[in-house]
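A.B. asks: Here you go, one structure.
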Amino acid sequence: MPSRVVFSALPRWAGMTVFTIIVLGPLYWVTASAFKTRDEINSATPTLFPHHFTLTNFQNLFRSTDYPTFLKNSTIIGLATTAVTVVFSLAAAYGLYRLRVPGSGKIAGIVLISYMIPGTLLIVPLYKTLAELHLVDTYTGLVLVNVAFTAPFCTWLLRGFIMSIPVELDEAAALDGAGPLRTMMRIVLPLMLPGIATVAVFSFVYSWTEFVFASQFIVSNSLKTLPIGLNEIVGLYSVDWGLVMAGTVSTMVPTIFIFLAVGRYFVGGLISGATK
Amino acid sequence: MSTHQDTFAATQTKETRLYRAPASTRTPALTRVLGYVLVAPIVIVMGVVIAYPLVTAVVTSLKDERIIGTASDFVGFDSYVAVFRDQQFWSALSRSGIWLALNLVVQTILGFSAALLLQRRSRWSRTARTWIVLPWAIPSVAVVVLWQWMLNTNYGIIYKAFASIGIDLGAPFGSSTVSLFAIVLVNSWHWFPLTAVVVYGALSTVPPEMIEAAKMDGASAGRVLFAITLPTIGPVLFALGLVGSLWSVNVLDSIYLITKGGPANATTTMPVYIYNTAFTAFRSSQAAAASVITVIILLVAALIFVRFARPEED
């Protein structure tokens with residue numbers, strides 16, 4: 001009997017092992033390589049742990065490349081995108097799914113459908129639009145585009161959270177003489193914090209990882225974001241894999257920390273938003 | 001006016017609880033104004049970034065524009081004719097179909113098996129729920145660099161591992177026969193966590209009592225799957241299928257960063273074709289025409305999907 005139990009658990013163990021290796025393996029390998037010396041990286045037999053632990057790659061990255069500039073730009077654009085997306089999608093979700101203004105069903109539908117139009121197909125006309133508004137090569141332009149591609153999905157995510165707050169609360173507040181604005185700020189918003197966290201994580205990660213728009217709508221070196229900058233570093237220093245790995249690790253680490261800190265929250269939020 | 005509506009709304013409250021009255025008759029004016037003010041920002045942003053460019057795309061596609069923003073004249077449907085005559089357009093279109101199908105297969109397999117493992121009550125499952133999303137959270141550029149590094153023929157750990165057991169992987173991204181498949185695998189690594197967590201979340205909404213009861217009645221595992229599990233998670237799978245497919249077709253960064261559509265156009269899907277037409281060949285009008293055609297194709301495909309795959313309940 002025990003042997004049968006072991007046998008039936010085999011696929012499960014194999015699955016866990018495979019997923020652990022394919023997900024964490026590459027992340028570990030890149031991180032370990034970033035702390036190796038050039039000789040160790042180039043050596044014929046790969047080493048599992050860095051034998052000569054070094055920070056040289058990171059020092060080179062921050063001293064002799066424009067990496068700090070890219071980091072600053074990505075942080076500014078990421079925070080701005082997050083702030084605007086949170087405000088806009090909360091406002092829209094509240095208006096559409098709570099106040100239910102006349103025509104809200106149609107507006108919600110149109111917003112969701114237009115979101116499904118693939119953004120990459122719109123690069124050419126979008127470039128023209130930004131040029132007309134004098135927003136090419138500006139933080140504002142990129143933030144505007146990022147918000148347009150995160151806010152609709154976030155509005156839809158918040159729908160589940162708003163629906164889960166009983167309408168009776170609003171009615172009770174109205175009986176107590178609270179106006180609609182007061183009801184929104186004091187009663188509903190505080191209960192929406194998990195939803196706000198979910199939306200904030202989603203929009204920050206989107207902005208941090210976005211490549212296509214940033215590659216066309218930003219021209220100046222001083223305004224480039226991390227994905228663009230990292231790609232250039234890869235092109236310029238492709239012989240120096242240690243430096244490239246240090247750049248890759250530094251770019252991954254912020255989002256990885258965000259996920260380790262609030263990831264479970266985010267996954268829960270994504271699911272409750274999608275299922276309610 | 002507003003007080004009249006307020007009292008009107010108040011007398012209606014009882015009925016509203018029973019069925020949702022048309023919004024216009026129960027929303028007081030002040031609330032309505034607040035509502036529109038709240039909805040306005042997203043509508044304006046979407047109008048500027050999506051609706052207006054879409055109109056511009058249609059206009060540009062009817063002109064003969066080369067480099068973006070240069071002078072051009074209306075030439076009717078010439079750009080469309082040029083696109084339809086371009087062999088590259090048709091191969092890009094079919095390659096996008098292959099790309100979508102391969103990604104769906106690989107990500108469904110990876111996503112569902114991960115979801116089933118995440119659902120178990122074990123220490124692995126509890127910790128994995130946090131880290132399984134990591135490949136999705138890191139930028140595509142990092143994903144691309146990481147895999148190119150591991151498959152590098154001089155230093156790559158995966159290349160060396162296979163070489164040590166006598167298999168020569170060669171340069172998968174440089175070969176016109178396997179590069180598309182290699183990028184599908186990289187892209188699936190990047191995206192499968194989304195399927196995994198969404199399916200895992202949906203599975204946890206299936207009431208365990210229902211499954212227990214069905215098993216007590218002697219239902220087989222397959223029958224439980226088709227009679228209980230799939231119908232319950234149907235709406236989620238439907239939304240995931242629709243949004244996920246559109247996102248998949250839309251992928252440009254991973255492909256462009258690895259191969260720029262090469263070698264010999266072997267990885268030129270539709271977004272890459274449009275990008276190269278606009279920014280390498282400087283044929284803005286043809287790129288716009290191809291965009292318009294693609295949007296129409298996707299719209300029709302999405303409508304067909306909604307028509308035939310939408311879950312019955314709701």
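Scheme for the structure tokens: letters A, B, ... for chains in order shown; per-chain residue numbers from 1; ligand numbers from 1 in order shown.
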Residues near Gly109 in chain A, anyone? I mean within 12 Å using only C-alpha atoms, not counting same-chain ones fewer than 4 positions away, as a list in words.

C.D. replies: Leu96, Tyr97, Gly103, Ser104, Gly105, Ile113, Ser114, Tyr115, Met116, Pro152, Phe153, Thr155 and Trp156 of chain A; Val43 of chain B

A.B. asks: Tell me which protein, DNA and RNA residues are within 10 Å of Thr232 in chain B, counting only C-alpha atoms, leaving out same-chain ones fewer than 5 positions away, and put them as a list of chain:residue names.

C.D. replies: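 These residues fall inside the cut-off: B:Ala202, B:Leu203, B:Thr205, B:Val206, B:Pro207, B:Leu225, B:Phe226, B:Ala227, B:Leu237, B:Pro311, B:Glu313.
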
A.B. asks: For chain A, report every residue with an atom at most 6 Å from chain B (counting only C-alpha atoms), formatted as JSON, numbers by chain.

C.D. replies: {"A": [88, 91, 92, 95, 101, 102, 118, 121, 125, 126, 148, 180, 209, 227, 248, 252, 263, 264, 271]}

A.B. asks: Hey, can you check how far CA of Ser188 in chain B sits from CA of Phe19 in chain A?

C.D. replies: 13.1 Å

A.B. asks: Write out as a list in words each polymer residue whose atoms come within 9 Å of Arg66 in chain B, counting only C-alpha atoms; drop sequence neighbours fewer than 4 positions from it.

C.D. replies: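 Here the qualifying residues turn out to be Thr70, Ala71, Ser72, Ala278, Ala281, Phe282, Arg283, Ser284, Ser285 and Gln286 of chain B.
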
A.B. asks: Grab the CA of Val178 in chain B to CA of Phe192 in chain B distance for me, in Å with one decimal place.

C.D. replies: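 Taking CA of Val178 in chain B as the start and CA of Phe192 in chain B as the end point, the length is 20.6 Å.
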
A.B. asks: Would you give me, as a PyMOL selection string, the residues in range 147-211 of chain A that DSSP reads as helix (DSSP H, G or I)?

C.D. replies: chain A and resi 147-163+168-175+180-191+193-209

A.B. asks: If we count only C-alpha atoms and set the cut-off at 9 Å, which residues sit around Ile77 in chain A, ignoring sequence neighbours fewer than 6 positions away in its own chain? Please answer as a list in words.

C.D. replies: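 In the requested format, the answer is Tyr139, Thr140, Leu142, Val143, Phe204, Ser207, Trp208 and Thr225 of chain A.
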
A.B. asks: CA of Arg121 in chain B to CA of Gly234 in chain B: how many Å, to one decimal?

C.D. replies: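 Atom-to-atom, CA of Arg121 in chain B and CA of Gly234 in chain B are spaced 23.8 Å apart.
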